[in-house]
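Trainee: Just start-v6.txt, nothing more (compact mmCIF, N, CA and C atoms):
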```
# COMPACT_ATOMS: atom_id res chain seq x y z
N MET A 1 0.85 -1.18 0.00
CA MET A 1 0.00 0.00 0.00
C MET A 1 0.90 1.24 0.00
N ALA A 2 0.56 2.21 -0.83
CA ALA A 2 1.35 3.44 -0.92
C ALA A 2 1.16 4.27 0.34
N ALA A 3 2.25 4.85 0.81
CA ALA A 3 2.16 5.68 2.02
C ALA A 3 1.43 6.97 1.69
N GLY A 4 0.68 7.46 2.64
CA GLY A 4 0.02 8.75 2.48
C GLY A 4 -1.21 8.74 1.59
N MET A 5 -1.94 7.64 1.59
CA MET A 5 -3.16 7.61 0.78
C MET A 5 -4.25 8.42 1.47
N CYS A 6 -5.20 8.91 0.68
CA CYS A 6 -6.25 9.79 1.21
C CYS A 6 -7.27 9.03 2.06
N VAL A 7 -7.67 9.67 3.15
CA VAL A 7 -8.78 9.18 3.96
C VAL A 7 -9.81 10.31 4.00
N TYR A 8 -11.07 9.93 4.01
CA TYR A 8 -12.16 10.90 4.01
C TYR A 8 -12.84 10.84 5.37
N LEU A 9 -13.07 12.02 5.94
CA LEU A 9 -13.55 12.11 7.30
C LEU A 9 -14.83 12.94 7.40
N MET A 10 -15.71 12.50 8.28
CA MET A 10 -16.90 13.27 8.64
C MET A 10 -16.73 13.58 10.13
N ILE A 11 -16.54 14.86 10.44
CA ILE A 11 -16.28 15.27 11.82
C ILE A 11 -17.53 15.98 12.32
N ARG A 12 -18.10 15.46 13.42
CA ARG A 12 -19.38 15.98 13.90
C ARG A 12 -19.28 16.55 15.30
N ARG A 13 -19.98 17.67 15.51
CA ARG A 13 -20.13 18.29 16.83
C ARG A 13 -21.49 18.98 16.84
N LYS A 14 -22.35 18.58 17.77
CA LYS A 14 -23.71 19.12 17.88
C LYS A 14 -24.38 19.05 16.51
N LYS A 15 -24.79 20.21 15.95
CA LYS A 15 -25.47 20.20 14.65
C LYS A 15 -24.52 20.45 13.49
N THR A 16 -23.23 20.52 13.77
CA THR A 16 -22.24 20.82 12.74
C THR A 16 -21.61 19.54 12.21
N THR A 17 -21.50 19.44 10.90
CA THR A 17 -20.82 18.32 10.26
C THR A 17 -19.79 18.89 9.29
N ILE A 18 -18.55 18.47 9.44
CA ILE A 18 -17.46 18.90 8.57
C ILE A 18 -16.99 17.69 7.76
N PHE A 19 -16.93 17.84 6.46
CA PHE A 19 -16.37 16.80 5.61
C PHE A 19 -15.01 17.29 5.14
N THR A 20 -13.99 16.46 5.32
CA THR A 20 -12.65 16.84 4.87
C THR A 20 -11.87 15.57 4.51
N ASP A 21 -10.74 15.78 3.90
CA ASP A 21 -9.87 14.62 3.62
C ASP A 21 -8.48 14.94 4.14
N ALA A 22 -7.72 13.90 4.34
CA ALA A 22 -6.34 14.02 4.83
C ALA A 22 -5.60 12.76 4.40
N LYS A 23 -4.33 12.72 4.67
CA LYS A 23 -3.53 11.52 4.37
C LYS A 23 -3.56 10.59 5.58
N GLU A 24 -3.37 9.31 5.33
CA GLU A 24 -3.30 8.33 6.43
C GLU A 24 -2.21 8.70 7.42
N THR A 25 -1.16 9.34 6.92
CA THR A 25 0.01 9.68 7.74
C THR A 25 -0.14 11.03 8.46
N THR A 26 -1.26 11.72 8.26
CA THR A 26 -1.49 13.01 8.90
C THR A 26 -1.59 12.84 10.41
N ASN A 27 -0.88 13.67 11.15
CA ASN A 27 -0.99 13.66 12.61
C ASN A 27 -2.32 14.29 13.02
N VAL A 28 -2.82 13.89 14.18
CA VAL A 28 -4.05 14.46 14.72
C VAL A 28 -3.89 15.97 14.89
N SER A 29 -2.70 16.43 15.30
CA SER A 29 -2.47 17.87 15.47
C SER A 29 -2.63 18.61 14.14
N GLU A 30 -2.21 18.00 13.04
CA GLU A 30 -2.37 18.61 11.72
C GLU A 30 -3.86 18.66 11.33
N LEU A 31 -4.60 17.62 11.67
CA LEU A 31 -6.03 17.59 11.39
C LEU A 31 -6.74 18.70 12.16
N LYS A 32 -6.31 18.94 13.39
CA LYS A 32 -6.91 20.02 14.19
C LYS A 32 -6.66 21.39 13.54
N LYS A 33 -5.51 21.55 12.86
CA LYS A 33 -5.23 22.81 12.16
C LYS A 33 -6.17 22.97 10.97
N ILE A 34 -6.49 21.86 10.30
CA ILE A 34 -7.45 21.90 9.20
C ILE A 34 -8.82 22.34 9.75
N ILE A 35 -9.20 21.76 10.89
CA ILE A 35 -10.48 22.11 11.52
C ILE A 35 -10.48 23.57 11.94
N GLN A 36 -9.32 24.06 12.44
CA GLN A 36 -9.22 25.46 12.85
C GLN A 36 -9.50 26.38 11.66
N GLY A 37 -9.02 26.01 10.49
CA GLY A 37 -9.26 26.81 9.29
C GLY A 37 -10.73 26.94 8.96
N ILE A 38 -11.53 25.99 9.39
CA ILE A 38 -12.97 25.99 9.10
C ILE A 38 -13.75 26.61 10.25
N THR A 39 -13.40 26.24 11.49
CA THR A 39 -14.21 26.64 12.65
C THR A 39 -13.67 27.87 13.39
N LYS A 40 -12.40 28.23 13.13
CA LYS A 40 -11.72 29.33 13.84
C LYS A 40 -11.50 29.02 15.32
N VAL A 41 -11.55 27.74 15.70
CA VAL A 41 -11.27 27.31 17.08
C VAL A 41 -9.84 26.77 17.12
N ALA A 42 -9.03 27.28 18.04
CA ALA A 42 -7.62 26.89 18.14
C ALA A 42 -7.48 25.39 18.39
N PRO A 43 -6.44 24.76 17.83
CA PRO A 43 -6.23 23.32 18.02
C PRO A 43 -6.18 22.88 19.49
N ASP A 44 -5.60 23.71 20.38
CA ASP A 44 -5.52 23.30 21.78
C ASP A 44 -6.87 23.38 22.48
N SER A 45 -7.88 23.94 21.80
CA SER A 45 -9.24 23.97 22.36
C SER A 45 -10.15 22.95 21.69
N GLN A 46 -9.54 22.04 20.93
CA GLN A 46 -10.28 20.97 20.26
C GLN A 46 -9.90 19.62 20.85
N ARG A 47 -10.84 18.72 20.89
CA ARG A 47 -10.55 17.33 21.25
C ARG A 47 -11.30 16.46 20.26
N LEU A 48 -10.58 15.57 19.61
CA LEU A 48 -11.18 14.66 18.63
C LEU A 48 -11.32 13.27 19.24
N PHE A 49 -12.39 12.59 18.83
CA PHE A 49 -12.67 11.24 19.32
C PHE A 49 -12.94 10.31 18.14
N LYS A 50 -12.43 9.10 18.26
CA LYS A 50 -12.75 8.02 17.32
C LYS A 50 -13.32 6.90 18.17
N ASP A 51 -14.59 6.60 17.98
CA ASP A 51 -15.26 5.55 18.76
C ASP A 51 -15.10 5.79 20.27
N ASP A 52 -15.40 6.99 20.72
CA ASP A 52 -15.34 7.37 22.14
C ASP A 52 -13.93 7.34 22.74
N ARG A 53 -12.93 7.24 21.92
CA ARG A 53 -11.53 7.23 22.37
C ARG A 53 -10.88 8.55 21.97
N VAL A 54 -10.26 9.24 22.93
CA VAL A 54 -9.60 10.51 22.64
C VAL A 54 -8.42 10.26 21.70
N MET A 55 -8.34 11.07 20.65
CA MET A 55 -7.25 10.95 19.68
C MET A 55 -6.09 11.85 20.14
N GLU A 56 -4.90 11.27 20.25
CA GLU A 56 -3.73 12.00 20.73
C GLU A 56 -3.06 12.75 19.58
N ASP A 57 -2.63 14.00 19.87
CA ASP A 57 -2.06 14.88 18.84
C ASP A 57 -0.88 14.30 18.08
N ASN A 58 -0.04 13.52 18.75
CA ASN A 58 1.19 13.03 18.12
C ASN A 58 0.98 11.74 17.33
N ARG A 59 -0.21 11.21 17.32
CA ARG A 59 -0.50 9.96 16.58
C ARG A 59 -1.00 10.31 15.19
N CYS A 60 -0.80 9.40 14.24
CA CYS A 60 -1.31 9.65 12.90
C CYS A 60 -2.67 8.96 12.73
N LEU A 61 -3.38 9.36 11.70
CA LEU A 61 -4.73 8.85 11.50
C LEU A 61 -4.75 7.33 11.33
N ALA A 62 -3.73 6.77 10.67
CA ALA A 62 -3.67 5.33 10.48
C ALA A 62 -3.61 4.58 11.81
N ASP A 63 -3.04 5.21 12.85
CA ASP A 63 -2.98 4.58 14.17
C ASP A 63 -4.37 4.30 14.74
N TYR A 64 -5.36 5.02 14.25
CA TYR A 64 -6.74 4.86 14.71
C TYR A 64 -7.58 4.07 13.70
N GLY A 65 -6.92 3.41 12.77
CA GLY A 65 -7.64 2.60 11.79
C GLY A 65 -8.24 3.42 10.67
N LEU A 66 -7.83 4.69 10.57
CA LEU A 66 -8.35 5.55 9.51
C LEU A 66 -7.44 5.43 8.30
N ILE A 67 -7.79 4.48 7.44
CA ILE A 67 -6.98 4.22 6.26
C ILE A 67 -7.88 4.28 5.02
N SER A 68 -7.25 4.35 3.86
CA SER A 68 -8.00 4.60 2.63
C SER A 68 -9.06 3.53 2.33
N THR A 69 -8.86 2.33 2.82
CA THR A 69 -9.84 1.27 2.55
C THR A 69 -11.04 1.33 3.49
N THR A 70 -10.91 2.02 4.62
CA THR A 70 -12.02 2.11 5.57
C THR A 70 -12.66 3.49 5.63
N ALA A 71 -11.98 4.50 5.10
CA ALA A 71 -12.50 5.87 5.14
C ALA A 71 -12.54 6.41 3.71
N ARG A 72 -13.50 5.90 2.95
CA ARG A 72 -13.61 6.25 1.53
C ARG A 72 -14.54 7.45 1.34
N ALA A 73 -14.47 8.06 0.18
CA ALA A 73 -15.32 9.23 -0.12
C ALA A 73 -16.80 8.87 0.00
N GLN A 74 -17.17 7.65 -0.44
CA GLN A 74 -18.58 7.24 -0.39
C GLN A 74 -19.05 6.95 1.03
N SER A 75 -18.12 6.60 1.91
CA SER A 75 -18.48 6.30 3.31
C SER A 75 -17.35 6.78 4.21
N PRO A 76 -17.33 8.10 4.48
CA PRO A 76 -16.24 8.65 5.29
C PRO A 76 -16.28 8.13 6.73
N ALA A 77 -15.11 8.09 7.34
CA ALA A 77 -15.01 7.69 8.75
C ALA A 77 -15.59 8.81 9.60
N SER A 78 -16.25 8.42 10.67
CA SER A 78 -16.90 9.39 11.54
C SER A 78 -16.06 9.67 12.78
N LEU A 79 -15.78 10.95 13.01
CA LEU A 79 -15.07 11.39 14.21
C LEU A 79 -15.97 12.36 14.96
N SER A 80 -15.75 12.48 16.26
CA SER A 80 -16.50 13.43 17.07
C SER A 80 -15.55 14.54 17.51
N LEU A 81 -16.09 15.74 17.67
CA LEU A 81 -15.31 16.90 18.04
C LEU A 81 -15.92 17.55 19.27
N ALA A 82 -15.08 17.92 20.23
CA ALA A 82 -15.53 18.66 21.41
C ALA A 82 -14.61 19.87 21.58
N TYR A 83 -15.17 20.95 22.14
CA TYR A 83 -14.40 22.17 22.37
C TYR A 83 -14.13 22.36 23.86
N ARG A 84 -13.06 23.09 24.15
CA ARG A 84 -12.72 23.43 25.53
C ARG A 84 -13.67 24.53 26.00
N LEU A 85 -14.21 24.37 27.20
CA LEU A 85 -15.11 25.36 27.78
C LEU A 85 -14.28 26.46 28.47
N GLU A 86 -14.94 27.54 28.86
CA GLU A 86 -14.24 28.65 29.51
C GLU A 86 -13.53 28.22 30.80
N ASN A 87 -14.07 27.21 31.49
CA ASN A 87 -13.45 26.76 32.75
C ASN A 87 -12.25 25.84 32.51
N GLY A 88 -11.88 25.61 31.25
CA GLY A 88 -10.71 24.79 30.94
C GLY A 88 -11.04 23.33 30.67
N GLU A 89 -12.22 22.90 31.09
CA GLU A 89 -12.66 21.52 30.84
C GLU A 89 -13.16 21.40 29.40
N PHE A 90 -13.17 20.18 28.89
CA PHE A 90 -13.75 19.95 27.57
C PHE A 90 -15.22 19.59 27.72
N GLU A 91 -16.03 20.07 26.78
CA GLU A 91 -17.45 19.72 26.79
C GLU A 91 -17.59 18.22 26.50
N THR A 92 -18.72 17.66 26.91
CA THR A 92 -18.98 16.26 26.58
C THR A 92 -19.37 16.20 25.10
N VAL A 93 -19.11 15.09 24.49
CA VAL A 93 -19.45 14.93 23.08
C VAL A 93 -20.97 14.98 22.95
N ASP A 94 -21.43 15.87 22.09
CA ASP A 94 -22.86 16.06 21.88
C ASP A 94 -23.10 16.15 20.38
N ILE A 95 -23.69 15.11 19.83
CA ILE A 95 -23.95 15.09 18.39
C ILE A 95 -25.45 14.95 18.17
N THR A 96 -26.01 15.93 17.47
CA THR A 96 -27.43 15.89 17.14
C THR A 96 -27.62 14.84 16.05
N PRO A 97 -28.54 13.90 16.25
CA PRO A 97 -28.76 12.87 15.22
C PRO A 97 -29.16 13.51 13.88
N LEU A 98 -28.72 12.89 12.82
CA LEU A 98 -29.11 13.36 11.49
C LEU A 98 -30.61 13.14 11.31
N SER A 99 -31.23 14.05 10.61
CA SER A 99 -32.67 13.91 10.39
C SER A 99 -32.95 12.80 9.39
N SER A 100 -34.13 12.22 9.46
CA SER A 100 -34.52 11.22 8.48
C SER A 100 -35.68 11.81 7.68
N PRO A 101 -35.81 11.39 6.46
CA PRO A 101 -36.90 11.93 5.65
C PRO A 101 -38.25 11.53 6.24
N PRO A 102 -39.25 12.39 6.09
CA PRO A 102 -40.57 12.04 6.60
C PRO A 102 -41.18 10.88 5.81
N GLU A 103 -42.16 10.24 6.40
CA GLU A 103 -42.84 9.15 5.72
C GLU A 103 -43.61 9.70 4.54
N LEU A 104 -43.74 8.91 3.49
CA LEU A 104 -44.49 9.35 2.31
C LEU A 104 -45.96 9.58 2.67
N PRO A 105 -46.55 10.67 2.17
CA PRO A 105 -47.98 10.87 2.40
C PRO A 105 -48.78 9.76 1.73
N ASP A 106 -49.95 9.46 2.28
CA ASP A 106 -50.80 8.40 1.72
C ASP A 106 -51.09 8.62 0.25
N VAL A 107 -51.26 9.87 -0.16
CA VAL A 107 -51.56 10.18 -1.56
C VAL A 107 -50.47 9.64 -2.47
N MET A 108 -49.23 9.77 -2.05
CA MET A 108 -48.11 9.31 -2.87
C MET A 108 -47.94 7.80 -2.80
N LYS A 109 -48.28 7.20 -1.67
CA LYS A 109 -48.16 5.74 -1.54
C LYS A 109 -49.07 5.04 -2.53
N GLY A 110 -50.25 5.58 -2.73
CA GLY A 110 -51.21 4.96 -3.64
C GLY A 110 -50.80 5.03 -5.10
N GLN A 111 -49.95 5.98 -5.45
CA GLN A 111 -49.56 6.16 -6.85
C GLN A 111 -48.82 4.95 -7.40
N GLU A 112 -48.02 4.30 -6.58
CA GLU A 112 -47.26 3.15 -7.05
C GLU A 112 -48.20 2.03 -7.49
N ALA A 113 -49.26 1.79 -6.72
CA ALA A 113 -50.21 0.74 -7.04
C ALA A 113 -51.00 1.09 -8.30
N THR A 114 -51.38 2.36 -8.46
CA THR A 114 -52.20 2.73 -9.63
C THR A 114 -51.39 2.65 -10.90
N HIS A 115 -50.10 2.90 -10.85
CA HIS A 115 -49.29 2.79 -12.07
C HIS A 115 -49.22 1.35 -12.54
N ASP A 116 -49.19 0.39 -11.62
CA ASP A 116 -49.08 -1.00 -11.98
C ASP A 116 -50.37 -1.51 -12.64
N THR A 117 -51.53 -1.02 -12.19
CA THR A 117 -52.81 -1.54 -12.69
C THR A 117 -53.37 -0.71 -13.82
N SER A 118 -52.72 0.40 -14.21
CA SER A 118 -53.26 1.28 -15.22
C SER A 118 -53.09 0.73 -16.64
N ALA A 119 -52.32 -0.31 -16.82
CA ALA A 119 -52.10 -0.88 -18.16
C ALA A 119 -53.19 -1.88 -18.49
N ASN A 120 -54.43 -1.42 -18.61
CA ASN A 120 -55.56 -2.31 -18.94
C ASN A 120 -55.89 -2.25 -20.40
```
Could you render the structure as structure tokens?
Mentor:
Amino acid sequence: MAAGMCVYLMIRRKKTTIFTDAKETTNVSELKKIIQGITKVAPDSQRLFKDDRVMEDNRCLADYGLISTTARAQSPASLSLAYRLENGEFETVDITPLSSPPELPDVMKGQEATHDTSAN
């Protein structure tokens, strides 16, 4: 496998979702700088999580299983983001669930059946 292959990431915090890409060899601290460019929050006030595990700044993304075969553009790897509060503590991870489409109205449900029987 070639070193430095692209990984695609979906980073979520509350109602915010950031899509970005990086190399497998990117350090977590470098990823935080990418996030800073988007959110304007300093890297030392960010904490990233992979599967409820705090990601350490000096580790690379591949150390957390974020590799090109598992973090593809069609299905990016999901990370959580928390910010440092004014008291110096980090907030708890809070991710608002993604919305789901509403159920089809009855009027539209019936259309599928009428199209099938209309060929008389």
Trainee: Give me, as a list in words, all polymer residues having an atom no more than 7 Å from Ser68 (chain A), counting all atoms listed in the file and skipping those fewer than 5 positions away in the same chain.
Mentor: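 Answer for this query is Met5, Cys6, Val7, Tyr8 and Glu24 of chain A.
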Trainee: Emit the selected residues as a compact mmCIF listing (two decimals), keeping the file's coordinate frame, including N, CA and C atoms.
Mentor:
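Heads up, here's the output in part03.txt:
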```txt
# COMPACT_ATOMS: atom_id res chain seq x y z
N MET A 5 -1.94 7.64 1.59
CA MET A 5 -3.16 7.61 0.78
C MET A 5 -4.25 8.42 1.47
N CYS A 6 -5.20 8.91 0.68
CA CYS A 6 -6.25 9.79 1.21
C CYS A 6 -7.27 9.03 2.06
N VAL A 7 -7.67 9.67 3.15
CA VAL A 7 -8.78 9.18 3.96
C VAL A 7 -9.81 10.31 4.00
N TYR A 8 -11.07 9.93 4.01
CA TYR A 8 -12.16 10.90 4.01
C TYR A 8 -12.84 10.84 5.37
N GLU A 24 -3.37 9.31 5.33
CA GLU A 24 -3.30 8.33 6.43
C GLU A 24 -2.21 8.70 7.42
```
Trainee: So that I can check the secondary structure, give me every residue of chain A assigned strand (DSSP E or B) by backbone DSSP, as JSON, numbers by chain.
Mentor: {"A": [6, 7, 8, 9, 10, 11, 12, 13, 14, 16, 17, 18, 19, 20, 21, 22, 23, 27, 46, 47, 48, 49, 50, 53, 54, 60, 77, 78, 79, 80, 81, 82, 83, 84, 90, 95]}
Trainee: Quick one: of A:Leu48, A:Leu9, A:Leu79, A:Val107, who's nearest to Ala22 (chain A), counting all atoms listed in the file?
Mentor: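 Comparing A:Leu48, A:Leu9, A:Leu79, A:Val107 against Ala22 (chain A), the winner is A:Leu9.
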Trainee: When you look at region 25-30 of chain A with a cut-off of 6 Å (counting only N, CA and C atoms), what residues show up, excluding the ones that are within fewer than 4 positions of it in the same chain? I need them as a PyMOL selection string.
Mentor: chain A and resi 4-5+34+56-62
Trainee: Using all atoms listed in the file, which of A:Arg84, A:Lys15, A:Lys23, A:Lys109 sits nearest Arg47 (chain A)?
Mentor: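 Smallest distance to Arg47 (chain A) is found for A:Arg84.
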Trainee: In Å, how far is it from CA of Asp21 (chain A) to atom N of Glu89 (chain A)?
Mentor: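 Separation between CA of Asp21 (chain A) and atom N of Glu89 (chain A): 28.8 Å.
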Trainee: Name the closest residue to Tyr64 (chain A) among the candidates A:Thr17, A:Leu98, A:Gly88, A:Lys50; distances are taken between atoms, counting only N, CA and C atoms.
Mentor: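 Using only N, CA and C atoms, Tyr64 (chain A) sits closest to A:Lys50.
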Trainee: By how many Å are CA of Ser100 (chain A) and CA of Ala77 (chain A) apart?
Mentor: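 Atom-to-atom, CA of Ser100 (chain A) to CA of Ala77 (chain A), that is 19.8 Å.
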Trainee: How big is the axis-aligned box around the listed atoms of region 79-90 of chain A once 3 Å is added on each side, and where is its centre? Give both in Å to one decimal, as JSON.
Mentor:
```
{"center_x": -13.6, "center_y": 19.8, "center_z": 22.9, "size_x": 11.8, "size_y": 23.7, "size_z": 25.7}
```
Trainee: How many Å separate CA of Glu91 (chain A) from CA of Ile67 (chain A)?
Mentor: 27.8 Å
Trainee: Output as a short mmCIF file (atom, residue, chain, number, x, y, z; two decimals) with N, CA and C atoms, in the frame of the given file all residues of region 34-64 of chain A that backbone DSSP marks as alpha helix (DSSP H).
Mentor:
```
data_model
loop_
_atom_site.label_atom_id
_atom_site.label_comp_id
_atom_site.auth_asym_id
_atom_site.auth_seq_id
_atom_site.Cartn_x
_atom_site.Cartn_y
_atom_site.Cartn_z
N ILE A 34 -6.49 21.86 10.30
CA ILE A 34 -7.45 21.90 9.20
C ILE A 34 -8.82 22.34 9.75
N ILE A 35 -9.20 21.76 10.89
CA ILE A 35 -10.48 22.11 11.52
C ILE A 35 -10.48 23.57 11.94
N GLN A 36 -9.32 24.06 12.44
CA GLN A 36 -9.22 25.46 12.85
C GLN A 36 -9.50 26.38 11.66
N GLY A 37 -9.02 26.01 10.49
CA GLY A 37 -9.26 26.81 9.29
C GLY A 37 -10.73 26.94 8.96
N ILE A 38 -11.53 25.99 9.39
CA ILE A 38 -12.97 25.99 9.10
C ILE A 38 -13.75 26.61 10.25
N THR A 39 -13.40 26.24 11.49
CA THR A 39 -14.21 26.64 12.65
C THR A 39 -13.67 27.87 13.39
#
```
Trainee: As a tab-separated table (two decimals), in the frame of the given file, please: region 46-56 of chain A completed to all heavy atoms.
Mentor:
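selection.tsv written:
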```
chain	number	residue	atom	x	y	z
A	46	GLN	N	-9.54	22.04	20.93
A	46	GLN	CA	-10.28	20.97	20.26
A	46	GLN	C	-9.90	19.62	20.85
A	46	GLN	O	-8.74	19.42	21.20
A	46	GLN	CB	-9.97	20.93	18.76
A	46	GLN	CG	-10.25	22.17	17.99
A	46	GLN	CD	-9.73	22.03	16.57
A	46	GLN	OE1	-9.67	20.94	16.01
A	46	GLN	NE2	-9.34	23.15	15.98
A	47	ARG	N	-10.84	18.72	20.89
A	47	ARG	CA	-10.55	17.33	21.25
A	47	ARG	C	-11.30	16.46	20.26
A	47	ARG	O	-12.50	16.62	20.07
A	47	ARG	CB	-11.00	17.04	22.68
A	47	ARG	CG	-10.66	15.61	23.11
A	47	ARG	CD	-10.93	15.37	24.56
A	47	ARG	NE	-9.82	15.91	25.36
A	47	ARG	CZ	-9.85	16.00	26.67
A	47	ARG	NH1	-10.90	15.63	27.35
A	47	ARG	NH2	-8.81	16.48	27.33
A	48	LEU	N	-10.58	15.57	19.61
A	48	LEU	CA	-11.18	14.66	18.63
A	48	LEU	C	-11.32	13.27	19.24
A	48	LEU	O	-10.47	12.83	20.02
A	48	LEU	CB	-10.31	14.59	17.38
A	48	LEU	CG	-10.38	15.82	16.48
A	48	LEU	CD1	-9.26	15.78	15.45
A	48	LEU	CD2	-11.72	15.91	15.80
A	49	PHE	N	-12.39	12.59	18.83
A	49	PHE	CA	-12.67	11.24	19.32
A	49	PHE	C	-12.94	10.31	18.14
A	49	PHE	O	-13.60	10.68	17.18
A	49	PHE	CB	-13.94	11.23	20.19
A	49	PHE	CG	-13.83	12.05	21.45
A	49	PHE	CD1	-14.08	13.40	21.43
A	49	PHE	CD2	-13.47	11.44	22.64
A	49	PHE	CE1	-13.99	14.16	22.59
A	49	PHE	CE2	-13.37	12.19	23.80
A	49	PHE	CZ	-13.64	13.55	23.78
A	50	LYS	N	-12.43	9.10	18.26
A	50	LYS	CA	-12.75	8.02	17.32
A	50	LYS	C	-13.32	6.90	18.17
A	50	LYS	O	-12.62	6.36	19.04
A	50	LYS	CB	-11.49	7.56	16.58
A	50	LYS	CG	-11.68	6.31	15.74
A	50	LYS	CD	-12.49	6.59	14.50
A	50	LYS	CE	-12.56	5.37	13.60
A	50	LYS	NZ	-13.88	4.82	13.48
A	51	ASP	N	-14.59	6.60	17.98
A	51	ASP	CA	-15.26	5.55	18.76
A	51	ASP	C	-15.10	5.79	20.27
A	51	ASP	O	-14.67	4.91	21.01
A	51	ASP	CB	-14.71	4.16	18.40
A	51	ASP	CG	-14.91	3.84	16.94
A	51	ASP	OD1	-15.92	4.28	16.35
A	51	ASP	OD2	-14.05	3.14	16.37
A	52	ASP	N	-15.40	6.99	20.72
A	52	ASP	CA	-15.34	7.37	22.14
A	52	ASP	C	-13.93	7.34	22.74
A	52	ASP	O	-13.76	7.38	23.94
A	52	ASP	CB	-16.29	6.51	23.00
A	52	ASP	CG	-17.74	6.70	22.59
A	52	ASP	OD1	-18.10	7.84	22.23
A	52	ASP	OD2	-18.50	5.73	22.65
A	53	ARG	N	-12.93	7.24	21.92
A	53	ARG	CA	-11.53	7.23	22.37
A	53	ARG	C	-10.88	8.55	21.97
A	53	ARG	O	-10.93	8.95	20.80
A	53	ARG	CB	-10.82	6.06	21.68
A	53	ARG	CG	-9.40	5.85	22.09
A	53	ARG	CD	-8.87	4.56	21.45
A	53	ARG	NE	-7.42	4.64	21.32
A	53	ARG	CZ	-6.73	4.00	20.41
A	53	ARG	NH1	-7.33	3.24	19.53
A	53	ARG	NH2	-5.43	4.11	20.37
A	54	VAL	N	-10.26	9.24	22.93
A	54	VAL	CA	-9.60	10.51	22.64
A	54	VAL	C	-8.42	10.26	21.70
A	54	VAL	O	-7.62	9.35	21.91
A	54	VAL	CB	-9.10	11.19	23.94
A	54	VAL	CG1	-8.31	12.45	23.61
A	54	VAL	CG2	-10.26	11.51	24.85
A	55	MET	N	-8.34	11.07	20.65
A	55	MET	CA	-7.25	10.95	19.68
A	55	MET	C	-6.09	11.85	20.14
A	55	MET	O	-6.28	13.04	20.37
A	55	MET	CB	-7.74	11.33	18.29
A	55	MET	CG	-8.85	10.42	17.79
A	55	MET	SD	-9.55	10.93	16.21
A	55	MET	CE	-8.20	10.49	15.10
A	56	GLU	N	-4.90	11.27	20.25
A	56	GLU	CA	-3.73	12.00	20.73
A	56	GLU	C	-3.06	12.75	19.58
A	56	GLU	O	-2.92	12.22	18.48
A	56	GLU	CB	-2.74	11.02	21.36
A	56	GLU	CG	-3.30	10.30	22.58
A	56	GLU	CD	-2.38	9.20	23.07
A	56	GLU	OE1	-1.15	9.35	22.93
A	56	GLU	OE2	-2.90	8.20	23.59
```
